[in-house]
$ cat protein.txt   # compact mmCIF, C-alpha atoms and all ligand atoms
# COMPACT_ATOMS: atom_id res chain seq x y z
CA LYS D 5 0.00 0.00 0.00
CA LEU D 6 1.52 3.36 -1.04
CA ILE D 7 1.64 6.06 1.65
CA ASP D 8 0.23 9.39 0.38
CA PHE D 9 2.75 12.15 1.24
CA SER D 10 1.11 14.64 -1.14
CA SER D 11 -1.15 15.91 1.66
CA GLU D 12 1.34 18.32 3.26
CA VAL D 13 1.82 20.14 -0.08
CA VAL D 14 -1.97 20.42 -0.52
CA GLN D 15 -2.16 22.01 2.96
CA MET D 16 0.10 24.91 1.96
CA ILE D 17 -1.16 28.26 0.63
CA LEU D 18 0.09 28.48 -2.98
CA MET D 19 -0.11 31.37 -5.46
CA LYS D 20 -3.24 29.81 -6.98
CA ASN D 21 -4.93 30.33 -3.58
CA ILE D 22 -4.13 34.07 -3.56
CA VAL D 23 -7.17 36.14 -4.60
CA ARG D 24 -6.36 38.80 -7.24
CA ASP D 25 -7.53 42.40 -7.64
CA GLY D 26 -11.02 42.52 -9.12
CA ASP D 27 -12.39 39.95 -6.67
CA PRO D 28 -14.92 41.78 -4.45
CA VAL D 29 -13.54 40.11 -1.29
CA LEU D 30 -10.53 42.47 -1.54
CA ARG D 31 -12.84 45.49 -1.30
CA GLN D 32 -14.93 44.30 1.66
CA GLU D 33 -14.74 45.33 5.33
CA ALA D 34 -13.62 42.11 7.03
CA GLU D 35 -15.46 40.56 9.99
CA ASN D 36 -14.13 40.67 13.56
CA VAL D 37 -12.68 37.36 14.76
CA THR D 38 -14.17 35.78 17.90
CA PHE D 39 -12.25 33.82 20.54
CA PRO D 40 -11.43 31.05 21.21
CA LEU D 41 -10.39 30.63 17.58
CA SER D 42 -12.27 27.99 15.62
CA GLU D 43 -10.19 25.09 14.30
CA SER D 44 -10.36 26.59 10.79
CA ASP D 45 -9.30 30.09 11.99
CA ARG D 46 -6.36 28.57 13.87
CA LYS D 47 -5.35 26.61 10.75
CA LEU D 48 -5.71 29.76 8.61
CA ALA D 49 -3.44 31.77 10.95
CA ASN D 50 -0.87 28.98 10.84
CA ASP D 51 -1.06 28.57 7.04
CA MET D 52 -0.67 32.32 6.42
CA MET D 53 2.44 32.53 8.62
CA GLU D 54 3.72 29.33 6.99
CA TYR D 55 3.35 31.03 3.58
CA LEU D 56 5.55 33.95 4.68
CA VAL D 57 8.23 31.69 6.15
CA THR D 58 8.33 29.49 3.02
CA SER D 59 8.23 32.44 0.62
CA GLN D 60 11.25 34.04 2.34
CA ASP D 61 13.34 30.90 1.79
CA GLU D 62 14.71 31.33 -1.73
CA THR D 63 14.96 27.58 -2.43
CA LEU D 64 11.47 26.75 -1.13
CA ALA D 65 9.93 29.85 -2.77
CA LYS D 66 11.36 28.66 -6.09
CA LYS D 67 10.26 25.07 -5.47
CA TYR D 68 6.63 26.07 -4.82
CA GLY D 69 6.56 29.12 -7.15
CA LEU D 70 5.79 31.54 -4.31
CA ARG D 71 6.16 35.34 -4.60
CA ALA D 72 8.08 36.51 -1.52
CA GLY D 73 6.02 38.15 1.18
CA VAL D 74 6.54 39.90 4.50
CA GLY D 75 2.80 40.09 5.20
CA LEU D 76 -0.41 38.31 4.19
CA ALA D 77 -4.02 39.22 5.06
CA ALA D 78 -6.93 36.75 5.29
CA PRO D 79 -8.99 38.44 2.54
CA GLN D 80 -6.11 37.65 0.16
CA VAL D 81 -6.92 33.96 0.56
CA GLY D 82 -10.64 34.64 0.24
CA VAL D 83 -11.44 34.81 3.97
CA SER D 84 -13.04 38.14 4.95
CA LYS D 85 -11.87 38.10 8.58
CA MET D 86 -9.82 40.60 10.61
CA MET D 87 -6.61 38.56 10.60
CA ALA D 88 -3.16 39.04 9.00
CA ALA D 89 0.24 37.41 9.33
CA VAL D 90 3.32 39.67 9.51
CA LEU D 91 6.91 38.43 9.29
CA VAL D 92 9.33 41.35 9.02
CA PRO D 93 12.80 39.91 8.35
CA ALA D 94 15.77 40.81 10.54
CA GLU D 95 17.89 43.70 9.18
CA THR D 96 21.09 41.70 9.63
CA GLU D 97 21.82 38.01 9.05
CA GLY D 98 20.92 36.09 12.19
CA GLY D 99 19.45 39.23 13.75
CA GLN D 100 16.02 39.29 15.38
CA SER D 101 12.89 40.05 13.39
CA PRO D 102 11.58 43.53 14.36
CA PHE D 103 8.00 42.20 14.28
CA THR D 104 6.55 38.74 13.72
CA ASP D 105 3.00 37.81 14.72
CA VAL D 106 -0.50 37.04 13.48
CA ILE D 107 -2.44 40.24 14.21
CA ILE D 108 -6.14 39.68 14.89
CA ASN D 109 -8.76 42.47 15.17
CA PRO D 110 -5.93 45.04 14.83
CA VAL D 111 -6.56 48.71 15.59
CA ILE D 112 -4.15 51.60 15.12
CA VAL D 113 -4.87 53.46 18.36
CA SER D 114 -2.52 56.39 17.65
CA HIS D 115 0.05 57.45 15.08
CA SER D 116 2.67 60.09 14.27
CA VAL D 117 1.74 63.16 12.27
CA GLN D 118 4.90 62.46 10.26
CA ASP D 119 4.51 60.15 7.25
CA GLY D 120 6.81 57.32 6.21
CA ALA D 121 7.15 55.54 2.89
CA LEU D 122 9.23 52.84 1.23
CA THR D 123 11.61 54.37 -1.34
CA GLU D 124 10.85 51.37 -3.62
CA GLY D 125 7.11 51.95 -3.44
CA GLU D 126 4.92 48.93 -2.63
CA GLY D 127 3.58 45.84 -4.35
CA CYS D 128 0.90 43.35 -3.38
CA LEU D 129 0.52 39.60 -3.87
CA SER D 130 -3.06 40.33 -4.95
CA VAL D 131 -2.05 42.92 -7.56
CA ASP D 132 -0.25 41.34 -10.51
CA GLU D 133 0.91 44.53 -12.19
CA ASP D 134 3.45 46.99 -10.79
CA VAL D 135 2.01 50.34 -9.74
CA PRO D 136 4.91 52.77 -9.41
CA GLY D 137 4.77 55.55 -6.84
CA PHE D 138 5.32 56.38 -3.20
CA VAL D 139 2.71 55.09 -0.74
CA PRO D 140 2.53 57.64 2.13
CA ARG D 141 1.70 56.01 5.46
CA HIS D 142 2.16 56.92 9.16
CA ASP D 143 5.85 56.60 10.09
CA ARG D 144 5.07 55.51 13.65
CA ILE D 145 1.99 53.74 14.99
CA THR D 146 0.68 52.31 18.23
CA LEU D 147 -1.02 49.04 17.26
CA ARG D 148 -3.43 47.11 19.48
CA TYR D 149 -4.27 43.54 18.40
CA GLN D 150 -5.03 40.06 19.71
CA ASP D 151 -2.75 37.08 19.01
CA VAL D 152 -3.99 33.55 18.21
CA GLU D 153 -4.33 32.83 21.97
CA GLY D 154 -6.63 35.86 22.33
CA GLU D 155 -4.01 37.81 24.31
CA THR D 156 -4.21 41.58 23.68
CA HIS D 157 -0.97 43.33 22.72
CA LYS D 158 -0.24 47.04 22.37
CA VAL D 159 2.97 47.69 20.41
CA ARG D 160 4.69 50.82 19.14
CA LEU D 161 6.14 50.30 15.65
CA ARG D 162 8.06 52.60 13.33
CA ASP D 163 9.45 52.64 9.78
CA TYR D 164 9.48 49.28 7.96
CA PRO D 165 7.43 47.16 10.45
CA ALA D 166 4.91 50.01 10.78
CA ILE D 167 4.54 50.21 6.97
CA VAL D 168 4.01 46.45 6.64
CA CYS D 169 1.34 46.39 9.37
CA GLN D 170 -0.48 49.35 7.79
CA HIS D 171 -0.46 47.60 4.38
CA GLU D 172 -2.03 44.51 6.00
CA ILE D 173 -4.56 46.41 8.11
CA ASP D 174 -5.62 48.26 4.93
CA HIS D 175 -6.53 44.88 3.37
CA LEU D 176 -8.92 44.22 6.29
CA HIS D 177 -10.75 47.43 5.36
CA GLY D 178 -10.86 46.79 1.61
CA ILE D 179 -8.01 49.22 0.83
CA LEU D 180 -5.19 48.39 -1.63
CA PHE D 181 -1.77 50.11 -1.65
CA TYR D 182 -2.33 51.90 -4.96
CA ASP D 183 -5.39 53.67 -3.47
CA HIS D 184 -2.78 55.86 -1.69
CA ILE D 185 -0.83 56.68 -4.88
CA ASP D 186 -1.67 59.98 -6.59
CA ARG D 187 -1.74 58.78 -10.23
CA ASP D 188 -0.98 62.30 -11.53
CA HIS D 189 2.01 62.83 -9.18
CA PRO D 190 2.97 59.29 -8.08
CA PHE D 191 6.39 60.31 -6.73
CA GLU D 192 5.26 63.50 -5.06
CA ILE D 193 5.44 63.25 -1.30
CA SER D 194 5.37 65.77 1.55
CA GLU D 195 8.95 66.83 2.32
CA ASP D 196 8.99 65.75 5.96
CA THR D 197 8.14 62.16 4.99
CA VAL D 198 10.64 59.60 6.32
CA MET D 199 11.78 57.52 3.34
CA PHE D 200 13.43 54.12 3.85
CA ASP D 201 14.25 50.85 2.12
C1 LIG Q 301 8.57 45.37 1.12
C2 LIG Q 301 8.69 43.95 0.67
N1 LIG Q 301 7.62 43.38 0.04
C3 LIG Q 301 7.73 42.09 -0.36
N2 LIG Q 301 6.70 41.47 -1.02
N3 LIG Q 301 5.44 42.02 -0.93
C4 LIG Q 301 4.76 41.86 0.27
O1 LIG Q 301 5.22 41.26 1.21
C5 LIG Q 301 3.37 42.44 0.33
C6 LIG Q 301 3.22 43.33 1.55
C7 LIG Q 301 4.31 44.40 1.65
C8 LIG Q 301 4.34 45.40 0.49
C9 LIG Q 301 4.86 46.69 1.09
C10 LIG Q 301 4.68 46.61 2.56
C11 LIG Q 301 4.09 45.27 2.88
C12 LIG Q 301 2.42 41.24 0.40
N4 LIG Q 301 1.04 41.68 0.51
O2 LIG Q 301 0.32 41.85 -0.60
C13 LIG Q 301 0.38 41.43 1.74
O3 LIG Q 301 -0.80 42.14 1.82
C14 LIG Q 301 8.90 41.37 -0.13
F1 LIG Q 301 8.98 40.09 -0.51
C15 LIG Q 301 9.95 42.01 0.53
N5 LIG Q 301 11.13 41.35 0.81
C16 LIG Q 301 12.18 41.97 1.61
C17 LIG Q 301 12.70 40.97 2.64
N6 LIG Q 301 13.14 39.73 2.00
C18 LIG Q 301 13.62 38.80 3.03
C19 LIG Q 301 14.08 37.50 2.38
O4 LIG Q 301 13.00 36.94 1.61
C20 LIG Q 301 12.53 37.85 0.57
C21 LIG Q 301 12.03 39.13 1.21
C22 LIG Q 301 11.56 40.13 0.15
N7 LIG Q 301 9.83 43.29 0.92
NI NI Q 302 -1.11 43.28 -0.09
$ encode --input "protein.txt" --output "structure tokens"
Amino acid sequence: KLIDFSSEVVQMILMKNIVRDGDPVLRQEAENVTFPLSESDRKLANDMMEYLVTSQDETLAKKYGLRAGVGLAAPQVGVSKMMAAVLVPAETEGGQSPFTDVIINPVIVSHSVQDGALTEGEGCLSVDEDVPGFVPRHDRITLRYQDVEGETHKVRLRDYPAIVCQHEIDHLHGILFYDHIDRDHPFEISEDTVMFD
């Protein structure tokens, strides 16, 4: 009797499972998540984080044809729930990740007046074409969220981790990164904006 090992690959989130722009689920306000997490919500949280880990490993990303990601929101896999996985890589080899967690029912409780933006602009796993331009966001935020155990966290984030979390939280409210780009002046940005890679 042959043992079926194909199951673990089927479990993974693959690019074919990523919903693309045009699907109404990406423009919906997601539903709050209730605790304790259902079995399927717990599996979803795990699978989304698993996607980020796998996609950041060059060999595995190539093997499974995954576009690299540092964040993934539930609506992007067709689930309109207030949940997103964030895995911000360490700046230096072997360093510690500035922020890694599954953020559930996230709320930005306060933020800096000063904007921040990635010098490279942004992309999105749900948007197949490049949309050039700066995406102005808050440079610093205070984020309140629940983790998969239902524990409430209140964290202050700045620069890169703050940008990633704002991109993901936008997805939970039906907002896509290019909504923030002024199509007529895509690279115009207020001069006190913090720009970083
Ligand atoms: C900035 C960046 N965006 C990548 N992709 N886009 C995404 O993550 C989208 C979310 C990000 C777009 C801008 C802010 C949030 C996914 N989104 O649509 C979720 O809503 C990257 F892949 C990436 N990095 C740098 C770090 N590197 C470590 C080693 O592994 C490769 C990895 C590549 N940096
Ligand atoms: Ni995105």
$ residues_near_ligand --input "protein.txt" --ligand "ligand LIG 301 (chain Q)" --cutoff "10 Å" --atoms "all atoms listed in the file" --output "ChimeraX atom specification"
/D:22,24,56-62,65,70-80,88-95,121-132,139,164-176,180-181,201
$ closest_residue --input "protein.txt" --among "D:Ile179, D:Ile17, D:Leu48, D:Leu41" --to "ligand NI 302 (chain Q)" --atoms "all atoms listed in the file"
D:Ile179
$ residues_around --input "protein.txt" --residues "Pro40 in chain D" --least-positions-apart "4" --cutoff "9 Å" --atoms "all atoms listed in the file" --output "number ranges by chain"
D: 152-154
$ atom_distance --input "protein.txt" --atom1 "CA of Asp188 in chain D" --atom2 "CA of Val135 in chain D"
12.5 Å
$ closest_residue --input "protein.txt" --among "D:Ala34, D:Val23, D:Met86, D:Leu64" --to "ligand NI 302 (chain Q)" --atoms "all atoms listed in the file"
D:Val23
$ closest_residue --input "protein.txt" --among "D:Val111, D:Val81, D:Leu6, D:Leu18" --to "ligand NI 302 (chain Q)" --atoms "all atoms listed in the file"
D:Val81
$ closest_residue --input "protein.txt" --among "D:Arg31, D:Ser194, D:Thr38, D:Arg148" --to "ligand NI 302 (chain Q)" --atoms "all atoms listed in the file"
D:Arg31
$ closest_residue --input "protein.txt" --among "D:Glu97, D:Ile108, D:Glu33, D:Asp27" --to "Arg46 in chain D" --atoms "all atoms listed in the file"
D:Ile108
$ atom_distance --input "protein.txt" --atom1 "CA of Asp51 in chain D" --atom2 "CA of Ser84 in chain D"
15.5 Å
$ closest_residue --input "protein.txt" --among "D:Ser42, D:Glu35, D:Leu147, D:Asp25" --to "ligand NI 302 (chain Q)" --atoms "only C-alpha atoms and all ligand atoms"
D:Asp25
$ atom_distance --input "protein.txt" --atom1 "CA of Glu43 in chain D" --atom2 "CA of Gly82 in chain D"
17.0 Å
$ axis_aligned_box --input "protein.txt" --around "range 98-113 of chain D" --padding-each-side "5 Å" --output "lines of an AutoDock Vina configuration file"
center_x = 6.1
center_y = 44.8
center_z = 15.3
size_x = 39.7
size_y = 27.4
size_z = 16.2
$ residues_around --input "protein.txt" --residues "Thr197 in chain D" --least-positions-apart "2" --cutoff "10 Å" --atoms "only C-alpha atoms" --output "compact mmCIF listing (two decimals) with C-alpha atoms, in the coordinates of the input"
# COMPACT_ATOMS: atom_id res chain seq x y z
CA VAL D 117 1.74 63.16 12.27
CA GLN D 118 4.90 62.46 10.26
CA ASP D 119 4.51 60.15 7.25
CA GLY D 120 6.81 57.32 6.21
CA ALA D 121 7.15 55.54 2.89
CA PRO D 140 2.53 57.64 2.13
CA ARG D 141 1.70 56.01 5.46
CA HIS D 142 2.16 56.92 9.16
CA ASP D 143 5.85 56.60 10.09
CA ILE D 193 5.44 63.25 -1.30
CA SER D 194 5.37 65.77 1.55
CA GLU D 195 8.95 66.83 2.32
CA MET D 199 11.78 57.52 3.34
CA PHE D 200 13.43 54.12 3.85
$ build_atoms --input "protein.txt" --residues "range 53-64 of chain D" --atoms "all heavy atoms" --output "PDB file, in the coordinates of the input"
ATOM      1  N   MET D  53       1.074  32.309   8.136  1.00  0.00           N
ATOM      2  CA  MET D  53       2.440  32.530   8.620  1.00  0.00           C
ATOM      3  C   MET D  53       3.380  31.571   7.898  1.00  0.00           C
ATOM      4  O   MET D  53       4.485  31.949   7.495  1.00  0.00           O
ATOM      5  CB  MET D  53       2.516  32.345  10.134  1.00  0.00           C
ATOM      6  CG  MET D  53       3.865  32.687  10.731  1.00  0.00           C
ATOM      7  SD  MET D  53       4.453  34.353  10.374  1.00  0.00           S
ATOM      8  CE  MET D  53       3.571  35.298  11.612  1.00  0.00           C
ATOM      9  N   GLU D  54       2.907  30.343   7.679  1.00  0.00           N
ATOM     10  CA  GLU D  54       3.720  29.330   6.990  1.00  0.00           C
ATOM     11  C   GLU D  54       4.065  29.832   5.581  1.00  0.00           C
ATOM     12  O   GLU D  54       5.189  29.670   5.106  1.00  0.00           O
ATOM     13  CB  GLU D  54       2.922  28.022   6.907  1.00  0.00           C
ATOM     14  CG  GLU D  54       3.727  26.827   6.467  1.00  0.00           C
ATOM     15  CD  GLU D  54       4.915  26.587   7.392  1.00  0.00           C
ATOM     16  OE1 GLU D  54       4.726  26.721   8.618  1.00  0.00           O
ATOM     17  OE2 GLU D  54       6.017  26.317   6.883  1.00  0.00           O
ATOM     18  N   TYR D  55       3.094  30.509   4.932  1.00  0.00           N
ATOM     19  CA  TYR D  55       3.350  31.030   3.580  1.00  0.00           C
ATOM     20  C   TYR D  55       4.526  32.020   3.613  1.00  0.00           C
ATOM     21  O   TYR D  55       5.438  31.950   2.796  1.00  0.00           O
ATOM     22  CB  TYR D  55       2.107  31.742   3.010  1.00  0.00           C
ATOM     23  CG  TYR D  55       2.394  32.336   1.633  1.00  0.00           C
ATOM     24  CD1 TYR D  55       2.135  31.609   0.475  1.00  0.00           C
ATOM     25  CD2 TYR D  55       2.998  33.577   1.510  1.00  0.00           C
ATOM     26  CE1 TYR D  55       2.464  32.109  -0.780  1.00  0.00           C
ATOM     27  CE2 TYR D  55       3.332  34.091   0.263  1.00  0.00           C
ATOM     28  CZ  TYR D  55       3.072  33.358  -0.874  1.00  0.00           C
ATOM     29  OH  TYR D  55       3.414  33.860  -2.125  1.00  0.00           O
ATOM     30  N   LEU D  56       4.503  32.918   4.599  1.00  0.00           N
ATOM     31  CA  LEU D  56       5.550  33.950   4.680  1.00  0.00           C
ATOM     32  C   LEU D  56       6.917  33.320   4.915  1.00  0.00           C
ATOM     33  O   LEU D  56       7.904  33.662   4.247  1.00  0.00           O
ATOM     34  CB  LEU D  56       5.218  34.963   5.773  1.00  0.00           C
ATOM     35  CG  LEU D  56       3.916  35.741   5.590  1.00  0.00           C
ATOM     36  CD1 LEU D  56       3.710  36.707   6.743  1.00  0.00           C
ATOM     37  CD2 LEU D  56       3.873  36.471   4.249  1.00  0.00           C
ATOM     38  N   VAL D  57       6.946  32.352   5.838  1.00  0.00           N
ATOM     39  CA  VAL D  57       8.230  31.690   6.150  1.00  0.00           C
ATOM     40  C   VAL D  57       8.772  31.011   4.889  1.00  0.00           C
ATOM     41  O   VAL D  57       9.923  31.216   4.498  1.00  0.00           O
ATOM     42  CB  VAL D  57       8.034  30.653   7.285  1.00  0.00           C
ATOM     43  CG1 VAL D  57       9.287  29.809   7.476  1.00  0.00           C
ATOM     44  CG2 VAL D  57       7.660  31.361   8.586  1.00  0.00           C
ATOM     45  N   THR D  58       7.907  30.240   4.216  1.00  0.00           N
ATOM     46  CA  THR D  58       8.330  29.490   3.020  1.00  0.00           C
ATOM     47  C   THR D  58       8.744  30.432   1.894  1.00  0.00           C
ATOM     48  O   THR D  58       9.753  30.225   1.232  1.00  0.00           O
ATOM     49  CB  THR D  58       7.172  28.579   2.544  1.00  0.00           C
ATOM     50  OG1 THR D  58       6.691  27.829   3.652  1.00  0.00           O
ATOM     51  CG2 THR D  58       7.632  27.637   1.445  1.00  0.00           C
ATOM     52  N   SER D  59       7.972  31.518   1.742  1.00  0.00           N
ATOM     53  CA  SER D  59       8.230  32.440   0.620  1.00  0.00           C
ATOM     54  C   SER D  59       9.525  33.229   0.822  1.00  0.00           C
ATOM     55  O   SER D  59      10.081  33.765  -0.126  1.00  0.00           O
ATOM     56  CB  SER D  59       7.067  33.437   0.472  1.00  0.00           C
ATOM     57  OG  SER D  59       7.150  34.466   1.451  1.00  0.00           O
ATOM     58  N   GLN D  60      10.011  33.296   2.075  1.00  0.00           N
ATOM     59  CA  GLN D  60      11.250  34.040   2.340  1.00  0.00           C
ATOM     60  C   GLN D  60      12.479  33.136   2.276  1.00  0.00           C
ATOM     61  O   GLN D  60      13.602  33.598   2.457  1.00  0.00           O
ATOM     62  CB  GLN D  60      11.173  34.757   3.704  1.00  0.00           C
ATOM     63  CG  GLN D  60      10.175  35.902   3.704  1.00  0.00           C
ATOM     64  CD  GLN D  60      10.235  36.747   4.958  1.00  0.00           C
ATOM     65  OE1 GLN D  60      11.206  36.732   5.722  1.00  0.00           O
ATOM     66  NE2 GLN D  60       9.163  37.496   5.207  1.00  0.00           N
ATOM     67  N   ASP D  61      12.228  31.834   1.998  1.00  0.00           N
ATOM     68  CA  ASP D  61      13.340  30.900   1.790  1.00  0.00           C
ATOM     69  C   ASP D  61      13.473  30.725   0.286  1.00  0.00           C
ATOM     70  O   ASP D  61      12.594  30.131  -0.355  1.00  0.00           O
ATOM     71  CB  ASP D  61      13.011  29.551   2.466  1.00  0.00           C
ATOM     72  CG  ASP D  61      14.089  28.498   2.198  1.00  0.00           C
ATOM     73  OD1 ASP D  61      14.388  28.251   1.006  1.00  0.00           O
ATOM     74  OD2 ASP D  61      14.632  27.957   3.159  1.00  0.00           O
ATOM     75  N   GLU D  62      14.550  31.269  -0.265  1.00  0.00           N
ATOM     76  CA  GLU D  62      14.710  31.330  -1.730  1.00  0.00           C
ATOM     77  C   GLU D  62      14.474  29.980  -2.399  1.00  0.00           C
ATOM     78  O   GLU D  62      13.758  29.869  -3.393  1.00  0.00           O
ATOM     79  CB  GLU D  62      16.123  31.827  -2.046  1.00  0.00           C
ATOM     80  CG  GLU D  62      16.228  32.553  -3.375  1.00  0.00           C
ATOM     81  CD  GLU D  62      17.623  33.167  -3.561  1.00  0.00           C
ATOM     82  OE1 GLU D  62      18.251  33.505  -2.536  1.00  0.00           O
ATOM     83  OE2 GLU D  62      18.046  33.262  -4.716  1.00  0.00           O
ATOM     84  N   THR D  63      15.069  28.919  -1.822  1.00  0.00           N
ATOM     85  CA  THR D  63      14.960  27.580  -2.430  1.00  0.00           C
ATOM     86  C   THR D  63      13.514  27.097  -2.412  1.00  0.00           C
ATOM     87  O   THR D  63      12.984  26.655  -3.433  1.00  0.00           O
ATOM     88  CB  THR D  63      15.844  26.593  -1.639  1.00  0.00           C
ATOM     89  OG1 THR D  63      17.132  27.155  -1.477  1.00  0.00           O
ATOM     90  CG2 THR D  63      15.926  25.256  -2.345  1.00  0.00           C
ATOM     91  N   LEU D  64      12.852  27.241  -1.244  1.00  0.00           N
ATOM     92  CA  LEU D  64      11.470  26.750  -1.130  1.00  0.00           C
ATOM     93  C   LEU D  64      10.524  27.605  -1.972  1.00  0.00           C
ATOM     94  O   LEU D  64       9.603  27.094  -2.606  1.00  0.00           O
ATOM     95  CB  LEU D  64      11.030  26.735   0.337  1.00  0.00           C
ATOM     96  CG  LEU D  64      11.710  25.683   1.209  1.00  0.00           C
ATOM     97  CD1 LEU D  64      11.235  25.809   2.664  1.00  0.00           C
ATOM     98  CD2 LEU D  64      11.432  24.286   0.665  1.00  0.00           C
TER      99      LEU D  64
END
